[in-house]
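Heads up, the thing below is written out as structure tokens.
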Amino acid sequence: MKKCILLLCLIPMLLVSCSTKPTEKEIYAERVKTAFKKGWNAYMNYAAGMDAVNPISETGHNWYTSSLLMTPVDAFSTMCLMGLEKEKEEPKNSSSPNLISIKTWRYSNLR
């Protein structure tokens, strides 16, 4: 009986100590977020307002004559899924004239 009571007292302490350690999934999720942020920062530093970044030459390029803002539009959903609120605001606050708010982006901007 005493052993059962002792075990019942120890189980909550074991659960608390186990839950404070990050799980393998949390570690990998953080690594993925870090990699995404590195790519997003490269885009904002070298190619803001363009379709894509060329990280080796530290330049950007457009697929067509004018930018379709492919990278920010594509990256926005990833930012939402990852919970990256600060990064979601960067295109809106950018000084680049071609970078527009994702909320106000419309099909007419493609013409």
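Please note that chains go A, B, ... in the order of the structure tokens, that every chain numbers its residues from 1, and that ligands are numbered from 1 in the order shown.
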Those in region 58-92 of chain A with alpha helix (DSSP H) from DSSP, as an mmCIF file with N, CA and C atoms, in the first residue's frame:
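Saved the output as result21.cif:
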data_model
loop_
_atom_site.group_PDB
_atom_site.id
_atom_site.type_symbol
_atom_site.label_atom_id
_atom_site.label_comp_id
_atom_site.auth_asym_id
_atom_site.auth_seq_id
_atom_site.Cartn_x
_atom_site.Cartn_y
_atom_site.Cartn_z
ATOM 1 N N MET A 70 5.858 36.741 -56.341
ATOM 2 C CA MET A 70 5.635 35.316 -56.084
ATOM 3 C C MET A 70 6.132 34.884 -54.710
ATOM 4 N N THR A 71 7.300 35.325 -54.317
ATOM 5 C CA THR A 71 7.854 34.880 -53.039
ATOM 6 C C THR A 71 7.036 35.367 -51.850
ATOM 7 N N PRO A 72 6.689 36.665 -51.757
ATOM 8 C CA PRO A 72 5.901 37.073 -50.591
ATOM 9 C C PRO A 72 4.509 36.445 -50.553
ATOM 10 N N VAL A 73 3.882 36.287 -51.706
ATOM 11 C CA VAL A 73 2.554 35.670 -51.734
ATOM 12 C C VAL A 73 2.655 34.213 -51.307
ATOM 13 N N ASP A 74 3.652 33.501 -51.818
ATOM 14 C CA ASP A 74 3.836 32.096 -51.466
ATOM 15 C C ASP A 74 4.248 31.945 -49.999
ATOM 16 N N ALA A 75 5.113 32.820 -49.530
ATOM 17 C CA ALA A 75 5.626 32.713 -48.166
ATOM 18 C C ALA A 75 4.585 33.087 -47.116
ATOM 19 N N PHE A 76 3.587 33.871 -47.496
ATOM 20 C CA PHE A 76 2.600 34.342 -46.531
ATOM 21 C C PHE A 76 1.862 33.185 -45.853
ATOM 22 N N SER A 77 1.455 32.182 -46.626
ATOM 23 C CA SER A 77 0.742 31.049 -46.025
ATOM 24 C C SER A 77 1.655 30.258 -45.091
ATOM 25 N N THR A 78 2.924 30.152 -45.457
ATOM 26 C CA THR A 78 3.881 29.467 -44.588
ATOM 27 C C THR A 78 4.047 30.232 -43.281
ATOM 28 N N MET A 79 4.116 31.552 -43.364
ATOM 29 C CA MET A 79 4.231 32.376 -42.157
ATOM 30 C C MET A 79 3.017 32.198 -41.256
ATOM 31 N N CYS A 80 1.840 32.100 -41.858
ATOM 32 C CA CYS A 80 0.614 31.891 -41.070
ATOM 33 C C CYS A 80 0.665 30.551 -40.349
ATOM 34 N N LEU A 81 1.066 29.506 -41.051
ATOM 35 C CA LEU A 81 1.126 28.169 -40.446
ATOM 36 C C LEU A 81 2.163 28.086 -39.334
ATOM 37 N N MET A 82 3.271 28.808 -39.508
ATOM 38 C CA MET A 82 4.349 28.768 -38.511
ATOM 39 C C MET A 82 4.132 29.751 -37.372
ATOM 40 N N GLU A 85 4.289 36.059 -36.819
ATOM 41 C CA GLU A 85 3.553 37.319 -36.942
ATOM 42 C C GLU A 85 4.462 38.478 -37.374
ATOM 43 N N LYS A 86 5.658 38.555 -36.819
ATOM 44 C CA LYS A 86 6.578 39.648 -37.160
ATOM 45 C C LYS A 86 6.918 39.620 -38.646
ATOM 46 N N GLU A 87 7.213 38.440 -39.163
ATOM 47 C CA GLU A 87 7.573 38.299 -40.568
ATOM 48 C C GLU A 87 6.387 38.618 -41.474
ATOM 49 N N LYS A 88 5.172 38.321 -41.027
ATOM 50 C CA LYS A 88 3.981 38.626 -41.834
ATOM 51 C C LYS A 88 3.804 40.129 -42.023
ATOM 52 N N GLU A 89 4.287 40.907 -41.076
ATOM 53 C CA GLU A 89 4.139 42.366 -41.152
ATOM 54 C C GLU A 89 5.221 43.023 -42.010
ATOM 55 N N GLU A 90 6.340 42.356 -42.239
ATOM 56 C CA GLU A 90 7.463 42.969 -42.960
ATOM 57 C C GLU A 90 7.102 43.462 -44.357
ATOM 58 N N PRO A 91 6.383 42.683 -45.175
ATOM 59 C CA PRO A 91 6.055 43.217 -46.499
ATOM 60 C C PRO A 91 5.205 44.481 -46.436
ATOM 61 N N LYS A 92 4.338 44.578 -45.451
ATOM 62 C CA LYS A 92 3.480 45.760 -45.317
ATOM 63 C C LYS A 92 4.287 46.993 -44.930
#
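The interatomic distance for the pair CA of Thr23 (chain A) and CA of Ala35 (chain A) works out to 18.7 Å.
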How many Å lie between CA of Ser57 (chain A) and CA of Tyr43 (chain A), rounded to one decimal? 12.0 Å
Using only C-alpha atoms, find the one residue out of A:Thr20, A:His61, A:Ser66, A:Glu26 that sits nearest to Tyr46 (chain A).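 Result for the nearest residue to Tyr46 (chain A): A:His61.
Atom pair CA of Thr59 (chain A) / CA of Gly39 (chain A) has a distance of 13.0 Å (rounded to one decimal).
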Considering only C-alpha atoms, can you say which of A:Phe36, A:Lys21, A:Tyr28, A:Val53 comes closest to Leu84 (chain A)? A:Phe36
